[in-house]
file start_21.csv (CSV, C-alpha atoms)
chain,number,residue,atom,x,y,z
U,4,MET,CA,14.7,28.0,118.5
U,5,SER,CA,12.3,30.9,117.9
U,6,THR,CA,13.6,34.3,117.1
U,7,TRP,CA,12.4,35.6,120.5
U,8,SER,CA,14.0,32.8,122.4
U,9,ARG,CA,17.3,33.2,120.5
U,10,PHE,CA,17.2,37.0,121.2
U,11,LYS,CA,16.7,36.4,124.9
U,12,ARG,CA,19.5,33.9,125.0
U,13,HIS,CA,22.1,35.9,123.0
U,14,TYR,CA,21.3,39.5,124.1
U,15,TYR,CA,24.0,41.2,126.2
U,16,HIS,CA,23.1,44.2,128.3
U,17,HIS,CA,25.3,46.1,130.8
U,18,ALA,CA,22.9,48.4,132.7
U,19,GLY,CA,25.7,50.3,134.4
U,20,LEU,CA,27.3,51.4,131.2
U,21,GLY,CA,24.2,51.6,129.1
U,22,VAL,CA,25.7,49.3,126.5
U,23,ALA,CA,23.8,46.5,124.7
U,24,LEU,CA,24.8,44.0,122.1
U,25,ASP,CA,22.4,41.8,120.1
U,26,ILE,CA,24.1,38.9,118.2
U,27,SER,CA,21.0,36.8,117.9
U,28,ARG,CA,20.5,37.5,114.2
U,29,MET,CA,23.9,36.0,113.4
U,30,PRO,CA,23.2,32.4,112.2
U,31,PHE,CA,25.9,30.6,114.2
U,32,PRO,CA,25.0,27.0,115.2
U,33,ASP,CA,24.1,26.1,118.8
U,34,ASP,CA,27.5,24.5,119.5
U,35,PHE,CA,29.5,27.4,118.2
U,36,PHE,CA,30.4,28.9,121.5
U,37,ALA,CA,31.3,25.5,123.0
U,38,ARG,CA,33.6,24.7,120.1
U,39,LEU,CA,35.4,28.1,120.3
U,40,GLU,CA,35.6,28.3,124.1
U,41,PRO,CA,39.2,26.8,124.4
U,42,GLN,CA,40.4,29.5,122.0
U,43,MET,CA,38.6,32.2,123.9
U,44,GLN,CA,40.1,31.2,127.2
U,45,SER,CA,43.5,31.3,125.6
U,46,ALA,CA,42.7,34.8,124.3
U,47,PHE,CA,41.7,35.9,127.8
U,48,ALA,CA,44.9,34.6,129.2
U,49,ALA,CA,47.0,36.3,126.5
U,50,MET,CA,45.2,39.6,127.1
U,51,GLN,CA,46.0,39.3,130.8
U,52,GLU,CA,49.6,38.8,130.0
U,53,LEU,CA,49.6,41.8,127.6
U,54,GLU,CA,48.2,44.0,130.3
U,55,ARG,CA,50.9,42.9,132.7
U,56,GLY,CA,53.5,44.1,130.2
U,57,ALA,CA,54.3,41.0,128.0
U,58,ILE,CA,55.9,41.8,124.6
U,59,ALA,CA,53.1,42.0,122.1
U,60,ASN,CA,55.1,42.9,119.0
U,61,PRO,CA,57.8,40.2,118.5
U,62,ASP,CA,59.3,42.1,115.5
U,63,GLU,CA,59.8,45.4,117.4
U,64,LYS,CA,60.1,43.9,120.9
U,65,ARG,CA,57.5,46.3,122.3
U,66,MET,CA,54.7,46.2,124.8
U,67,VAL,CA,51.3,47.4,124.0
U,68,GLY,CA,49.7,49.3,126.8
U,69,HIS,CA,47.0,51.7,125.6
U,70,TYR,CA,44.7,50.3,128.4
U,71,TRP,CA,47.1,51.7,131.0
U,72,LEU,CA,46.3,55.2,129.8
U,73,ARG,CA,42.9,55.0,131.5
U,74,ALA,CA,44.1,52.9,134.4
U,75,PRO,CA,47.7,54.0,135.2
U,76,HIS,CA,47.9,51.8,138.3
U,77,LEU,CA,47.8,48.7,136.0
U,78,ALA,CA,51.0,49.7,134.3
U,79,PRO,CA,53.8,47.1,134.9
U,80,ASN,CA,56.2,49.5,136.6
U,81,PRO,CA,56.1,52.7,138.6
U,82,GLU,CA,58.0,54.7,135.9
U,83,LEU,CA,55.2,54.1,133.3
U,84,THR,CA,52.5,54.9,135.9
U,85,SER,CA,54.2,58.2,136.7
U,86,ALA,CA,54.7,59.1,133.1
U,87,ILE,CA,51.0,58.6,132.4
U,88,VAL,CA,49.8,60.5,135.5
U,89,THR,CA,52.3,63.3,134.9
U,90,THR,CA,51.3,63.8,131.2
U,91,LEU,CA,47.6,63.9,132.1
U,92,ALA,CA,48.2,66.5,134.7
U,93,GLU,CA,50.3,68.6,132.2
U,94,ILE,CA,47.5,68.4,129.7
U,95,LYS,CA,44.9,69.6,132.2
U,96,ALA,CA,47.2,72.4,133.4
U,97,PHE,CA,48.1,73.6,130.0
U,98,THR,CA,44.4,73.5,128.9
U,99,ALA,CA,43.4,75.5,132.0
U,100,GLN,CA,46.0,78.2,131.2
U,101,VAL,CA,44.8,78.4,127.6
U,102,HIS,CA,41.1,78.7,128.5
U,103,ALA,CA,41.9,81.3,131.2
U,104,GLY,CA,43.9,83.4,128.7
U,105,GLU,CA,47.2,82.9,130.6
U,106,ILE,CA,48.6,81.4,127.5
U,107,ALA,CA,47.3,83.5,124.6
U,108,GLY,CA,48.1,84.9,121.2
U,109,PRO,CA,49.1,88.5,120.4
U,110,LYS,CA,45.4,89.5,120.1
U,111,GLY,CA,44.0,87.8,123.1
U,112,LYS,CA,42.7,84.3,124.0
U,113,PHE,CA,43.1,81.5,121.6
U,114,GLN,CA,39.8,80.8,119.9
U,115,HIS,CA,40.9,78.3,117.2
U,116,LEU,CA,42.9,75.0,117.2
U,117,LEU,CA,44.6,73.6,114.1
U,118,VAL,CA,45.6,70.0,114.5
U,119,ILE,CA,48.2,68.6,112.2
U,120,GLY,CA,48.6,64.9,112.0
U,121,ILE,CA,47.7,61.8,109.9
U,122,GLY,CA,46.5,58.3,110.4
U,123,GLY,CA,46.0,57.6,114.1
U,124,SER,CA,47.2,61.1,114.9
U,125,ALA,CA,44.1,62.5,113.2
U,126,LEU,CA,41.4,59.9,112.9
U,127,GLY,CA,40.7,59.6,116.6
U,128,PRO,CA,40.8,63.4,117.3
U,129,GLN,CA,38.5,64.0,114.3
U,130,LEU,CA,36.0,61.4,115.5
U,131,VAL,CA,35.9,62.8,119.1
U,132,ASN,CA,35.7,66.4,117.8
U,133,HIS,CA,32.7,65.6,115.7
U,134,ALA,CA,31.0,63.1,118.1
U,135,LEU,CA,31.3,65.0,121.3
U,136,GLY,CA,31.8,68.6,120.3
U,137,ASN,CA,29.2,71.4,120.7
U,138,PRO,CA,29.8,74.4,118.5
U,139,ARG,CA,27.8,76.7,120.8
U,140,LYS,CA,29.8,75.7,123.9
U,141,ASP,CA,33.3,74.6,122.6
U,142,LYS,CA,36.2,76.6,124.0
U,143,LEU,CA,38.2,76.4,120.7
U,144,ALA,CA,36.9,75.6,117.2
U,145,VAL,CA,39.0,72.7,115.8
U,146,THR,CA,40.2,72.2,112.2
U,147,PHE,CA,42.7,69.6,110.8
U,148,PHE,CA,45.5,69.2,108.3
U,149,ASP,CA,45.4,65.4,107.7
U,150,ASN,CA,46.7,65.2,104.2
U,151,THR,CA,49.3,66.8,101.9
U,152,ASP,CA,46.8,68.0,99.2
U,153,PRO,CA,47.7,71.6,98.7
U,154,ASP,CA,44.1,72.5,97.8
U,155,GLY,CA,42.9,70.8,101.0
U,156,ILE,CA,45.4,72.8,103.1
U,157,ASP,CA,44.4,76.0,101.4
U,158,TYR,CA,40.8,75.2,102.1
U,159,VAL,CA,41.5,74.9,105.8
U,160,LEU,CA,43.6,78.0,105.9
U,161,ALA,CA,40.9,79.9,104.2
U,162,THR,CA,38.6,79.2,107.1
U,163,LEU,CA,41.3,80.6,109.4
U,164,ARG,CA,41.8,83.8,107.4
U,165,LYS,CA,42.5,86.7,109.7
U,166,LYS,CA,42.2,84.4,112.6
U,167,LEU,CA,45.7,83.0,112.9
U,168,ALA,CA,46.6,85.5,115.6
U,169,LYS,CA,44.1,83.6,117.8
U,170,THR,CA,44.9,80.1,116.6
U,171,LEU,CA,46.8,77.5,118.5
U,172,VAL,CA,48.6,74.8,116.4
U,173,LEU,CA,49.0,71.2,117.6
U,174,VAL,CA,51.6,69.1,115.6
U,175,ILE,CA,51.3,65.4,116.3
U,176,SER,CA,53.8,62.8,115.2
U,177,LYS,CA,55.2,60.0,117.3
U,178,SER,CA,58.4,59.5,115.2
U,179,GLY,CA,58.6,63.3,114.5
U,180,GLY,CA,59.5,62.5,111.0
U,181,THR,CA,56.2,61.7,109.3
U,182,ALA,CA,56.5,63.4,105.9
U,183,GLU,CA,52.8,64.3,105.6
U,184,THR,CA,52.7,65.9,109.0
U,185,ARG,CA,56.0,67.7,108.4
U,186,ASN,CA,54.6,69.1,105.2
U,187,GLY,CA,51.5,70.3,106.9
U,188,MET,CA,53.6,71.9,109.6
U,189,LEU,CA,55.7,73.8,107.1
U,190,GLU,CA,52.6,75.0,105.3
U,191,ALA,CA,51.2,76.3,108.6
U,192,ILE,CA,54.5,78.0,109.5
U,193,ALA,CA,54.5,79.7,106.1
U,194,ALA,CA,50.9,81.0,106.8
U,195,PHE,CA,51.8,82.4,110.2
U,196,LYS,CA,54.9,84.1,108.8
U,197,ALA,CA,52.9,85.6,106.0
U,198,ASP,CA,50.6,87.1,108.6
U,199,GLY,CA,53.7,88.5,110.5
U,200,LEU,CA,53.2,86.2,113.4
U,201,ASP,CA,55.9,84.6,115.7
U,202,TYR,CA,54.7,81.0,115.0
U,203,PRO,CA,56.6,79.3,117.9
U,204,LYS,CA,54.4,81.2,120.3
U,205,HIS,CA,51.4,79.3,118.7
U,206,PHE,CA,52.8,75.8,118.2
U,207,VAL,CA,52.7,72.8,120.5
U,208,ALA,CA,54.2,69.3,119.8
U,209,VAL,CA,52.9,65.9,120.7
U,210,THR,CA,55.8,63.5,119.9
U,211,GLY,CA,58.3,61.0,121.2
U,212,ALA,CA,61.1,62.2,123.4
U,213,GLY,CA,64.2,63.1,121.4
U,214,SER,CA,62.4,62.9,118.0
U,215,LYS,CA,63.0,65.3,115.2
U,216,LEU,CA,59.8,67.2,116.1
U,217,ASP,CA,60.8,67.2,119.8
U,218,GLN,CA,64.2,68.7,118.9
U,219,THR,CA,62.6,71.3,116.6
U,220,ALA,CA,60.1,72.3,119.3
U,221,ILE,CA,63.0,72.7,121.8
U,222,THR,CA,65.3,74.6,119.5
U,223,GLU,CA,62.6,77.0,118.3
U,224,GLY,CA,61.0,77.5,121.7
U,225,TRP,CA,57.5,76.2,121.1
U,226,LEU,CA,54.8,76.8,123.7
U,227,ALA,CA,54.8,73.2,125.0
U,228,ARG,CA,55.7,69.6,124.3
U,229,PHE,CA,53.7,66.5,125.3
U,230,ALA,CA,54.9,62.9,125.4
U,231,MET,CA,54.0,60.0,123.1
U,232,TRP,CA,55.3,56.5,124.0
U,233,ASP,CA,56.4,53.6,121.8
U,234,TRP,CA,54.0,51.3,123.7
U,235,VAL,CA,51.0,53.2,122.4
U,236,GLY,CA,50.2,52.5,118.7
U,237,GLY,CA,48.9,55.3,116.6
U,238,ARG,CA,45.5,53.6,116.0
U,239,THR,CA,45.0,53.2,119.8
U,240,SER,CA,46.4,56.6,120.9
U,241,GLU,CA,43.2,58.6,121.3
U,242,LEU,CA,43.4,58.5,125.1
U,243,SER,CA,47.0,59.6,125.1
U,244,ALA,CA,48.0,63.2,124.5
U,245,VAL,CA,47.3,62.6,120.9
U,246,GLY,CA,43.5,62.7,121.5
U,247,LEU,CA,43.2,64.1,125.0
U,248,LEU,CA,45.0,67.4,124.4
U,249,PRO,CA,42.8,68.5,121.4
U,250,ALA,CA,39.7,67.3,123.1
U,251,ALA,CA,40.5,69.1,126.3
U,252,LEU,CA,41.3,72.3,124.4
U,253,GLN,CA,38.0,72.0,122.6
U,254,GLY,CA,36.3,71.9,125.9
U,255,ILE,CA,35.4,68.2,126.2
U,256,ASP,CA,35.6,66.6,129.6
U,257,ILE,CA,38.6,64.3,129.1
U,258,GLN,CA,38.3,62.8,132.6
U,259,GLU,CA,34.9,61.5,131.7
U,260,MET,CA,36.4,60.0,128.5
U,261,LEU,CA,39.0,58.2,130.5
U,262,ASP,CA,36.6,57.0,133.2
U,263,GLY,CA,34.2,55.7,130.6
U,264,ALA,CA,37.0,53.8,128.8
U,265,ALA,CA,38.2,52.4,132.1
U,266,ALA,CA,34.7,51.1,132.9
U,267,MET,CA,34.4,49.6,129.4
U,268,ASP,CA,37.8,47.9,129.9
U,269,ALA,CA,36.6,46.3,133.1
U,270,ALA,CA,33.6,44.9,131.2
U,271,THR,CA,35.8,43.4,128.5
U,272,ARG,CA,38.2,41.8,131.0
U,273,VAL,CA,35.5,39.4,132.3
U,274,PRO,CA,36.8,35.9,131.4
U,275,VAL,CA,33.3,34.6,130.8
U,276,THR,CA,32.6,34.7,127.1
U,277,ALA,CA,28.8,35.2,127.3
U,278,GLN,CA,29.4,38.1,129.7
U,279,ASN,CA,32.1,39.9,127.7
U,280,PRO,CA,30.9,42.2,124.8
U,281,ALA,CA,34.3,42.3,123.2
U,282,ALA,CA,34.6,38.5,123.2
U,283,LEU,CA,31.1,38.2,121.7
U,284,LEU,CA,31.9,40.7,118.9
U,285,ALA,CA,35.2,38.9,118.2
U,286,LEU,CA,33.4,35.6,117.9
U,287,MET,CA,30.8,37.1,115.6
U,288,TRP,CA,33.5,38.5,113.3
U,289,HIS,CA,35.2,35.1,113.4
U,290,PHE,CA,32.0,33.3,112.4
U,291,ALA,CA,31.0,35.8,109.8
U,292,THR,CA,34.4,35.8,108.0
U,293,ASP,CA,35.4,32.1,108.4
U,294,GLY,CA,38.1,33.1,110.8
U,295,ARG,CA,40.2,34.9,108.2
U,296,GLY,CA,38.3,37.8,106.7
U,297,THR,CA,36.4,36.2,103.8
U,298,LYS,CA,33.7,38.9,104.2
U,299,ASP,CA,33.7,42.7,104.7
U,300,MET,CA,32.2,44.5,107.7
U,301,VAL,CA,29.7,47.2,106.9
U,302,VAL,CA,29.2,49.7,109.7
U,303,LEU,CA,25.8,51.5,109.8
U,304,PRO,CA,25.6,54.0,112.6
U,305,TYR,CA,22.2,55.7,112.8
U,306,LYS,CA,23.6,58.8,114.4
U,307,ASP,CA,25.0,61.8,112.5
U,308,ARG,CA,27.7,62.3,115.2
U,309,LEU,CA,29.1,58.9,114.3
U,310,LEU,CA,29.7,59.8,110.7
U,311,LEU,CA,33.5,59.3,111.2
U,312,PHE,CA,33.2,56.2,113.2
U,313,SER,CA,33.6,53.8,110.3
U,314,ARG,CA,36.7,55.7,109.1
U,315,TYR,CA,38.2,55.4,112.6
U,316,LEU,CA,37.3,51.7,112.7
U,317,GLN,CA,38.9,51.1,109.3
U,318,GLN,CA,42.4,51.8,110.7
U,319,LEU,CA,41.7,50.3,114.1
U,320,ILE,CA,40.6,47.0,112.7
U,321,MET,CA,42.4,46.7,109.4
U,322,GLU,CA,45.8,47.8,110.7
U,323,SER,CA,45.4,45.5,113.7
U,324,ILE,CA,44.3,42.3,112.1
U,325,GLY,CA,45.3,42.8,108.4
U,326,LYS,CA,48.4,40.5,108.4
U,327,GLU,CA,50.4,38.4,106.0
U,328,PHE,CA,51.8,36.2,108.8
U,329,ASP,CA,50.5,35.0,112.1
U,330,LEU,CA,52.6,35.0,115.2
U,331,ALA,CA,53.9,31.5,114.4
U,332,GLY,CA,55.2,32.7,111.0
U,333,ASN,CA,52.6,31.0,108.9
U,334,VAL,CA,51.3,32.9,105.8
U,335,VAL,CA,47.7,33.7,106.5
U,336,ASN,CA,46.9,36.9,104.4
U,337,GLN,CA,44.0,37.7,106.6
U,338,GLY,CA,42.0,40.7,107.7
U,339,ILE,CA,38.5,42.3,107.6
U,340,ALA,CA,37.8,45.2,105.3
U,341,VAL,CA,35.6,47.9,106.9
U,342,TYR,CA,33.4,50.4,105.3
U,343,GLY,CA,30.3,52.5,106.0
U,344,ASN,CA,29.0,56.0,106.3
U,345,LYS,CA,25.8,56.5,108.3
U,346,GLY,CA,22.7,54.3,108.3
U,347,SER,CA,20.0,56.5,106.7
U,348,THR,CA,22.4,57.8,104.0
U,349,ASP,CA,23.6,54.3,103.2
U,350,GLN,CA,20.1,53.0,102.8
U,351,HIS,CA,19.8,55.4,99.8
U,352,ALA,CA,23.3,54.7,98.5
U,353,TYR,CA,24.4,51.1,98.5
U,354,VAL,CA,22.0,49.0,100.6
U,355,GLN,CA,20.4,47.7,97.3
U,356,GLN,CA,23.7,45.9,96.6
U,357,LEU,CA,23.7,44.5,100.2
U,358,ARG,CA,20.2,43.2,99.7
U,359,GLU,CA,20.5,41.9,96.2
U,360,GLY,CA,24.1,41.7,95.2
U,361,VAL,CA,27.1,39.7,96.2
U,362,ASN,CA,26.9,38.1,99.6
U,363,ASN,CA,30.4,39.2,100.7
U,364,PHE,CA,29.6,41.2,103.8
U,365,PHE,CA,28.1,41.3,107.3
U,366,VAL,CA,26.5,44.3,108.9
U,367,THR,CA,27.0,46.0,112.2
U,368,PHE,CA,24.1,48.3,113.1
U,369,ILE,CA,24.8,51.0,115.7
U,370,GLU,CA,22.1,52.7,117.7
U,371,VAL,CA,22.6,55.6,120.1
call {"tool": "encode", "arguments": {"input": "start_21.csv", "output": "structure tokens"}}
result
Amino acid sequence: MSTWSRFKRHYYHHAGLGVALDISRMPFPDDFFARLEPQMQSAFAAMQELERGAIANPDEKRMVGHYWLRAPHLAPNPELTSAIVTTLAEIKAFTAQVHAGEIAGPKGKFQHLLVIGIGGSALGPQLVNHALGNPRKDKLAVTFFDNTDPDGIDYVLATLRKKLAKTLVLVISKSGGTAETRNGMLEAIAAFKADGLDYPKHFVAVTGAGSKLDQTAITEGWLARFAMWDWVGGRTSELSAVGLLPAALQGIDIQEMLDGAAAMDAATRVPVTAQNPAALLALMWHFATDGRGTKDMVVLPYKDRLLLFSRYLQQLIMESIGKEFDLAGNVVNQGIAVYGNKGSTDQHAYVQQLREGVNNFFVTFIEV
């Protein structure tokens, strides 16, 4: 088959979403889709069960429901639907009060936001902050504590020197006991105290109900508390309060984020493999890595705003499919290593090895 014919046959385009996927350069054989179709139909059925509330984590006996965050009506019971809707309304109301100056610091409106979290509690918010922010229009300028390096913390605090009176602090930890996040919180508290500020009037918690952090926020009288749920994993929590609250405070339209995600979810529910972009990507990963991660995935986004995308994908992919055992208890030791920076930079960094070195990778190019 010619390159052009193969492209026309294997090019996916969703005009309504403005999303396209070209898998034609992957050298899978002509019978590949037919051979994997039974597994794909099983996957579609399993996904449908998950969205209906089936237990996804047999060890922890938990549901996985991040897709309900952008479509609350799909949640398996009214209590979950109500919790999602109520939390979103609380985020929007709190944000409106902050932007209007109804909730403010001792010297006026909050102008800065310090987000303290690690892993999924930082990677998603950092990606959105960089990808969708506009420094000339943002309501609050956002900085992060996402490590316990004292020098790194001091570096961030230096950017907030003489600005803490107008700084809102968001502490994110589902368990409320994450050591790195707690250390960052204590460093921030010390900085506010050193400036003679009443820190509880600047602090907000995003955490699980009844957690150590939740109890601290209640006892000390923090500004607000927002819910996290055990059915949302950290790596998929961007569209919960974890990501929506900092994005909203920054000035990003979070309803558009939710609506876009819901529309993308609809596209990836289509049980026809050739018409489902997520299924097509999954099959390409399966083909490229022999079904168990024998090759690494290099992500090359040709867009400066997607600089942090590969870092976000590292956790999303590697923590999701990097496993010692499969669901049947068999030892598989599988996963896909992910790395990348941004396309043009990488072309002058390590593409020579990709072109001439060990053939232990496949590349995902991203164009915006």
call {"tool": "atom_distance", "arguments": {"input": "start_21.csv", "atom1": "CA of Ser214 (chain U)", "atom2": "CA of Ile192 (chain U)"}}
result
19.0 Å
call {"tool": "closest_residue", "arguments": {"input": "start_21.csv", "among": "U:Ala168, U:Val361, U:Val131, U:Val341", "to": "Met321 (chain U)", "atoms": "all atoms listed in the file"}}
result
U:Val341
call {"tool": "residues_around", "arguments": {"input": "start_21.csv", "residues": "Asp233 (chain U)", "least_positions_apart": "6", "cutoff": "10 Å", "atoms": "only C-alpha atoms", "output": "list in words"}}
result
Glu63, Arg65, Met66, Val67, Gly68, Lys177, Ser178, Gly211 and Ala212 of chain U
call {"tool": "closest_atom_pairs", "arguments": {"input": "start_21.csv", "of": "region 70-142 of chain U", "to": "region 239-244 of chain U", "cutoff": "8 Å", "atoms": "only C-alpha atoms", "output": "JSON lines"}}
result
{"residue": "U:Leu72", "atom": "CA", "partner": "U:Leu242", "partner_atom": "CA", "distance": 6.4}
{"residue": "U:Arg73", "atom": "CA", "partner": "U:Leu242", "partner_atom": "CA", "distance": 7.3}
{"residue": "U:Thr90", "atom": "CA", "partner": "U:Ala244", "partner_atom": "CA", "distance": 7.5}
{"residue": "U:Leu91", "atom": "CA", "partner": "U:Ala244", "partner_atom": "CA", "distance": 7.6}
{"residue": "U:Ile94", "atom": "CA", "partner": "U:Ala244", "partner_atom": "CA", "distance": 7.4}
{"residue": "U:Gly123", "atom": "CA", "partner": "U:Ser240", "partner_atom": "CA", "distance": 6.9}
{"residue": "U:Ser124", "atom": "CA", "partner": "U:Ser240", "partner_atom": "CA", "distance": 7.5}
{"residue": "U:Gly127", "atom": "CA", "partner": "U:Glu241", "partner_atom": "CA", "distance": 5.4}
{"residue": "U:Pro128", "atom": "CA", "partner": "U:Glu241", "partner_atom": "CA", "distance": 6.7}
call {"tool": "closest_residue", "arguments": {"input": "start_21.csv", "among": "U:Ile320, U:Met231, U:Leu160, U:Ala265", "to": "His115 (chain U)", "atoms": "only C-alpha atoms"}}
result
U:Leu160
call {"tool": "residues_around", "arguments": {"input": "start_21.csv", "residues": "Phe147 (chain U)", "least_positions_apart": "5", "cutoff": "8 Å", "atoms": "all atoms listed in the file", "output": "mmCIF file with C-alpha atoms, in the frame of the given file"}}
result
data_model
loop_
_atom_site.group_PDB
_atom_site.id
_atom_site.type_symbol
_atom_site.label_atom_id
_atom_site.label_comp_id
_atom_site.auth_asym_id
_atom_site.auth_seq_id
_atom_site.Cartn_x
_atom_site.Cartn_y
_atom_site.Cartn_z
ATOM 1 C CA LEU U 117 44.600 73.600 114.100
ATOM 2 C CA VAL U 118 45.600 70.000 114.500
ATOM 3 C CA ILE U 119 48.200 68.600 112.200
ATOM 4 C CA GLY U 120 48.600 64.900 112.000
ATOM 5 C CA ALA U 125 44.100 62.500 113.200
ATOM 6 C CA GLN U 129 38.500 64.000 114.300
ATOM 7 C CA VAL U 159 41.500 74.900 105.800
#
call {"tool": "closest_residue", "arguments": {"input": "start_21.csv", "among": "U:Ala193, U:Phe113, U:Val88, U:Ile26", "to": "Ala230 (chain U)", "atoms": "all atoms listed in the file"}}
result
U:Val88
call {"tool": "atom_distance", "arguments": {"input": "start_21.csv", "atom1": "CA of Ala134 (chain U)", "atom2": "CA of Arg308 (chain U)"}}
result
4.5 Å
call {"tool": "closest_residue", "arguments": {"input": "start_21.csv", "among": "U:His16, U:Arg238, U:His351, U:Arg38", "to": "His69 (chain U)", "atoms": "all atoms listed in the file"}}
result
U:Arg238
call {"tool": "residues_near_point", "arguments": {"input": "start_21.csv", "point": "(46.1, 54.3, 138.1)", "cutoff": "12 Å", "atoms": "only C-alpha atoms", "output": "ChimeraX atom specification"}}
result
/U:70-81,83-89,91,261-262,265
call {"tool": "atom_distance", "arguments": {"input": "start_21.csv", "atom1": "CA of Gly296 (chain U)", "atom2": "CA of Gly325 (chain U)"}}
result
8.8 Å
call {"tool": "closest_residue", "arguments": {"input": "start_21.csv", "among": "U:Thr276, U:Thr162, U:Gln337, U:Thr98", "to": "Ser323 (chain U)", "atoms": "all atoms listed in the file"}}
result
U:Gln337
call {"tool": "closest_residue", "arguments": {"input": "start_21.csv", "among": "U:His17, U:Lys112, U:Lys142, U:Lys345", "to": "Pro249 (chain U)", "atoms": "all atoms listed in the file"}}
result
U:Lys142
